[in-house]
Amino acid sequence: MLLMTMAVSCGPTGERHHETAAPVAEKHHHELIMHGDTRIDPYYWLNDRDNPAVIAYIEEENRYLDAMMKHTMDMQGALFEEMKARIRQDDQSAPFFRNGYFYYTRFEEGTEYPIYCRRPGSM
């Protein structure tokens, strides 16, 4: 945890970034009552994805992240490409049989999401 804090708050030569202040979410009193227990969640308002204030706050957090991590952009790109090169692009899971069908997932080269497949009878 300490290493991550240092990486986020320091530049490549170890200097601290003071030009951008971290955003702080507003606290709104909200009580959640379940099974007789009451829990106070001051950040519950952040659950509302359609609220313009939530969207503005998340955009502010993203700008802060970009500013703090700007000096690592080249390294992030290199790490992403290295990880991607180590993963087989056309991978497939082992099929399993259920109710007369074989089920499996597969990836096609250049896509990011699995394709869920089922095949009747045999493989």
# chains A, B, ... in the order shown; residues from 1 in each chain; ligands from 1
>>> closest_atom_pairs(of="range 16-90 of chain A", to="range 106-116 of chain A", cutoff="10 Å", atoms="only C-alpha atoms", output="JSON lines")
{"residue": "A:Arg88", "atom": "CA", "partner": "A:Glu109", "partner_atom": "CA", "distance": 8.5}
{"residue": "A:Gln89", "atom": "CA", "partner": "A:Glu109", "partner_atom": "CA", "distance": 4.8}
{"residue": "A:Asp90", "atom": "CA", "partner": "A:Glu108", "partner_atom": "CA", "distance": 4.8}
>>> write_last_selection(atoms="N, CA and C atoms", output="compact mmCIF listing (two decimals), in the first residue's frame")
# COMPACT_ATOMS: atom_id res chain seq x y z
N ARG A 88 -2.58 -15.73 -24.92
CA ARG A 88 -2.96 -16.28 -26.21
C ARG A 88 -4.24 -15.60 -26.68
N GLN A 89 -4.24 -15.06 -27.88
CA GLN A 89 -5.36 -14.29 -28.38
C GLN A 89 -6.53 -15.16 -28.84
N ASP A 90 -6.26 -16.40 -29.22
CA ASP A 90 -7.33 -17.28 -29.73
C ASP A 90 -7.54 -18.47 -28.80
>>> atom_distance(atom1="CA of Leu46 in chain A", atom2="CA of Gln76 in chain A")
28.3 Å
>>> residues_around(residues="Thr105 in chain A", least_positions_apart="4", cutoff="9 Å", atoms="only C-alpha atoms", output="list in words")
Asp91, Gln92, Ser93, Ala94, Pro95, Pro114, Ile115, Tyr116, Cys117 and Arg118 of chain A
>>> atom_distance(atom1="CA of Thr72 in chain A", atom2="CA of Glu19 in chain A")
17.1 Å
>>> closest_residue(among="A:Met83, A:Ala25, A:Leu32, A:Asp37", to="Glu59 in chain A", atoms="only C-alpha atoms")
A:Ala25
>>> closest_atom_pairs(of="range 21-60 of chain A", to="range 64-67 of chain A", cutoff="8 Å", atoms="only C-alpha atoms", output="Markdown table")
| residue | atom | partner | partner_atom | distance |
| --- | --- | --- | --- | --- |
| A:Ala21 | CA | A:Tyr64 | CA | 7.6 |
| A:Ala22 | CA | A:Tyr64 | CA | 6.3 |
| A:Pro23 | CA | A:Tyr64 | CA | 7.4 |
| A:Glu60 | CA | A:Tyr64 | CA | 6.3 |
>>> select_by_dssp(residues="range 25-75 of chain A", states="helix (DSSP H, G or I)", output="list in words")
Tyr44, Trp45, Leu46, Asn47, Pro52, Ala53, Val54, Ile55, Ala56, Tyr57, Ile58, Glu59, Glu60, Glu61, Asn62, Arg63, Tyr64, Leu65, Asp66, Ala67, Met68, Met69, Lys70, His71, Thr72, Met73, Asp74 and Met75 of chain A
>>> write_last_selection(atoms="C-alpha atoms", output="mmCIF file, in the first residue's frame")
data_model
loop_
_atom_site.group_PDB
_atom_site.id
_atom_site.type_symbol
_atom_site.label_atom_id
_atom_site.label_comp_id
_atom_site.auth_asym_id
_atom_site.auth_seq_id
_atom_site.Cartn_x
_atom_site.Cartn_y
_atom_site.Cartn_z
ATOM 1 C CA TYR A 44 -24.500 6.557 -0.756
ATOM 2 C CA TRP A 45 -25.402 9.373 -3.143
ATOM 3 C CA LEU A 46 -22.548 8.231 -5.408
ATOM 4 C CA ASN A 47 -24.656 5.164 -6.364
ATOM 5 C CA PRO A 52 -25.029 15.015 -12.888
ATOM 6 C CA ALA A 53 -23.193 15.710 -9.597
ATOM 7 C CA VAL A 54 -21.958 12.094 -9.471
ATOM 8 C CA ILE A 55 -20.804 12.231 -13.078
ATOM 9 C CA ALA A 56 -19.021 15.546 -12.447
ATOM 10 C CA TYR A 57 -17.276 14.118 -9.373
ATOM 11 C CA ILE A 58 -16.095 11.012 -11.248
ATOM 12 C CA GLU A 59 -14.821 13.189 -14.102
ATOM 13 C CA GLU A 60 -12.934 15.287 -11.539
ATOM 14 C CA GLU A 61 -11.397 12.105 -10.067
ATOM 15 C CA ASN A 62 -10.386 10.971 -13.558
ATOM 16 C CA ARG A 63 -8.699 14.321 -14.270
ATOM 17 C CA TYR A 64 -6.811 14.036 -10.969
ATOM 18 C CA LEU A 65 -5.708 10.473 -11.801
ATOM 19 C CA ASP A 66 -4.508 11.568 -15.250
ATOM 20 C CA ALA A 67 -2.532 14.454 -13.741
ATOM 21 C CA MET A 68 -0.924 12.291 -11.042
ATOM 22 C CA MET A 69 -0.088 9.387 -13.348
ATOM 23 C CA LYS A 70 0.959 11.406 -16.420
ATOM 24 C CA HIS A 71 4.639 10.607 -15.866
ATOM 25 C CA THR A 72 3.875 6.849 -16.062
ATOM 26 C CA MET A 73 1.969 6.836 -19.376
ATOM 27 C CA ASP A 74 4.848 5.351 -21.400
ATOM 28 C CA MET A 75 5.409 2.648 -18.788
#
>>> atom_distance(atom1="CA of Asn99 in chain A", atom2="CA of Ser122 in chain A")
12.1 Å
>>> residues_around(residues="Ile40 in chain A", least_positions_apart="6", cutoff="8 Å", atoms="only C-alpha atoms", output="NGL selection string")
:A and (29-32)
>>> decode(residues="chain A", atoms="C-alpha atoms", output="compact mmCIF listing (two decimals), in the first residue's frame")
# COMPACT_ATOMS: atom_id res chain seq x y z
CA MET A 1 0.00 0.00 0.00
CA LEU A 2 2.84 2.38 0.84
CA LEU A 3 4.52 1.69 -2.51
CA MET A 4 1.32 2.53 -4.39
CA THR A 5 0.96 5.77 -2.44
CA MET A 6 4.51 6.74 -3.30
CA ALA A 7 4.00 5.93 -6.99
CA VAL A 8 0.84 8.04 -7.18
CA SER A 9 2.08 11.01 -5.20
CA CYS A 10 5.65 11.34 -6.48
CA GLY A 11 7.06 12.19 -9.89
CA PRO A 12 9.76 10.22 -11.72
CA THR A 13 12.52 11.90 -9.71
CA GLY A 14 10.68 11.59 -6.38
CA GLU A 15 9.34 15.15 -6.22
CA ARG A 16 5.85 15.51 -4.80
CA HIS A 17 3.02 16.86 -6.95
CA HIS A 18 1.32 19.82 -5.32
CA GLU A 19 -0.25 21.52 -8.32
CA THR A 20 -3.41 19.38 -8.36
CA ALA A 21 -5.52 18.86 -5.26
CA ALA A 22 -7.23 15.52 -4.82
CA PRO A 23 -11.02 15.72 -5.17
CA VAL A 24 -13.02 15.13 -2.02
CA ALA A 25 -16.55 13.73 -2.28
CA GLU A 26 -19.30 15.55 -0.42
CA LYS A 27 -20.90 13.73 2.49
CA HIS A 28 -24.68 13.43 2.53
CA HIS A 29 -26.37 11.79 5.50
CA HIS A 30 -28.06 8.53 4.46
CA GLU A 31 -29.30 5.76 6.73
CA LEU A 32 -29.58 2.16 5.54
CA ILE A 33 -31.75 0.00 7.77
CA MET A 34 -31.77 -3.76 7.35
CA HIS A 35 -32.68 -6.51 9.81
CA GLY A 36 -32.97 -3.96 12.59
CA ASP A 37 -29.43 -2.64 12.08
CA THR A 38 -28.81 0.93 11.00
CA ARG A 39 -25.78 1.82 8.92
CA ILE A 40 -24.81 5.38 8.01
CA ASP A 41 -23.36 5.76 4.52
CA PRO A 42 -22.36 9.37 3.76
CA TYR A 43 -21.31 8.41 0.20
CA TYR A 44 -24.50 6.56 -0.76
CA TRP A 45 -25.40 9.37 -3.14
CA LEU A 46 -22.55 8.23 -5.41
CA ASN A 47 -24.66 5.16 -6.36
CA ASP A 48 -26.91 7.29 -8.58
CA ARG A 49 -25.30 6.93 -12.01
CA ASP A 50 -27.67 9.39 -13.66
CA ASN A 51 -27.00 12.20 -11.17
CA PRO A 52 -25.03 15.02 -12.89
CA ALA A 53 -23.19 15.71 -9.60
CA VAL A 54 -21.96 12.09 -9.47
CA ILE A 55 -20.80 12.23 -13.08
CA ALA A 56 -19.02 15.55 -12.45
CA TYR A 57 -17.28 14.12 -9.37
CA ILE A 58 -16.10 11.01 -11.25
CA GLU A 59 -14.82 13.19 -14.10
CA GLU A 60 -12.93 15.29 -11.54
CA GLU A 61 -11.40 12.10 -10.07
CA ASN A 62 -10.39 10.97 -13.56
CA ARG A 63 -8.70 14.32 -14.27
CA TYR A 64 -6.81 14.04 -10.97
CA LEU A 65 -5.71 10.47 -11.80
CA ASP A 66 -4.51 11.57 -15.25
CA ALA A 67 -2.53 14.45 -13.74
CA MET A 68 -0.92 12.29 -11.04
CA MET A 69 -0.09 9.39 -13.35
CA LYS A 70 0.96 11.41 -16.42
CA HIS A 71 4.64 10.61 -15.87
CA THR A 72 3.88 6.85 -16.06
CA MET A 73 1.97 6.84 -19.38
CA ASP A 74 4.85 5.35 -21.40
CA MET A 75 5.41 2.65 -18.79
CA GLN A 76 1.67 1.85 -18.65
CA GLY A 77 1.59 1.39 -22.41
CA ALA A 78 4.67 -0.82 -22.38
CA LEU A 79 3.28 -2.97 -19.54
CA PHE A 80 -0.06 -3.36 -21.29
CA GLU A 81 1.60 -4.47 -24.52
CA GLU A 82 3.85 -6.91 -22.64
CA MET A 83 0.90 -8.47 -20.78
CA LYS A 84 -1.13 -8.68 -23.98
CA ALA A 85 1.77 -10.41 -25.76
CA ARG A 86 1.83 -13.13 -23.07
CA ILE A 87 -1.85 -13.99 -23.43
CA ARG A 88 -2.96 -16.28 -26.21
CA GLN A 89 -5.36 -14.29 -28.38
CA ASP A 90 -7.33 -17.28 -29.73
CA ASP A 91 -7.83 -19.23 -26.50
CA GLN A 92 -10.66 -21.61 -25.66
CA SER A 93 -11.91 -23.19 -22.44
CA ALA A 94 -12.37 -26.93 -21.95
CA PRO A 95 -15.89 -27.95 -22.94
CA PHE A 96 -18.28 -29.45 -20.42
CA PHE A 97 -21.35 -31.55 -21.20
CA ARG A 98 -24.79 -30.71 -19.85
CA ASN A 99 -28.31 -31.66 -21.03
CA GLY A 100 -27.15 -32.93 -24.41
CA TYR A 101 -24.89 -29.95 -25.22
CA PHE A 102 -21.21 -29.13 -24.87
CA TYR A 103 -20.61 -25.64 -23.47
CA TYR A 104 -17.38 -23.68 -23.80
CA THR A 105 -16.04 -20.16 -24.19
CA ARG A 106 -13.57 -18.96 -26.77
CA PHE A 107 -11.76 -15.80 -27.76
CA GLU A 108 -11.02 -14.62 -31.28
CA GLU A 109 -7.90 -12.65 -32.09
CA GLY A 110 -8.40 -8.90 -31.75
CA THR A 111 -11.50 -9.17 -29.54
CA GLU A 112 -11.68 -8.41 -25.82
CA TYR A 113 -14.69 -10.42 -24.73
CA PRO A 114 -15.40 -14.17 -24.67
CA ILE A 115 -17.80 -15.85 -27.06
CA TYR A 116 -20.08 -18.27 -25.21
CA CYS A 117 -20.73 -21.39 -27.27
CA ARG A 118 -22.77 -24.54 -27.09
CA ARG A 119 -22.69 -27.46 -29.45
CA PRO A 120 -25.13 -30.42 -29.57
CA GLY A 121 -23.91 -34.01 -29.51
CA SER A 122 -20.13 -34.25 -29.60
CA MET A 123 -17.14 -32.01 -30.02
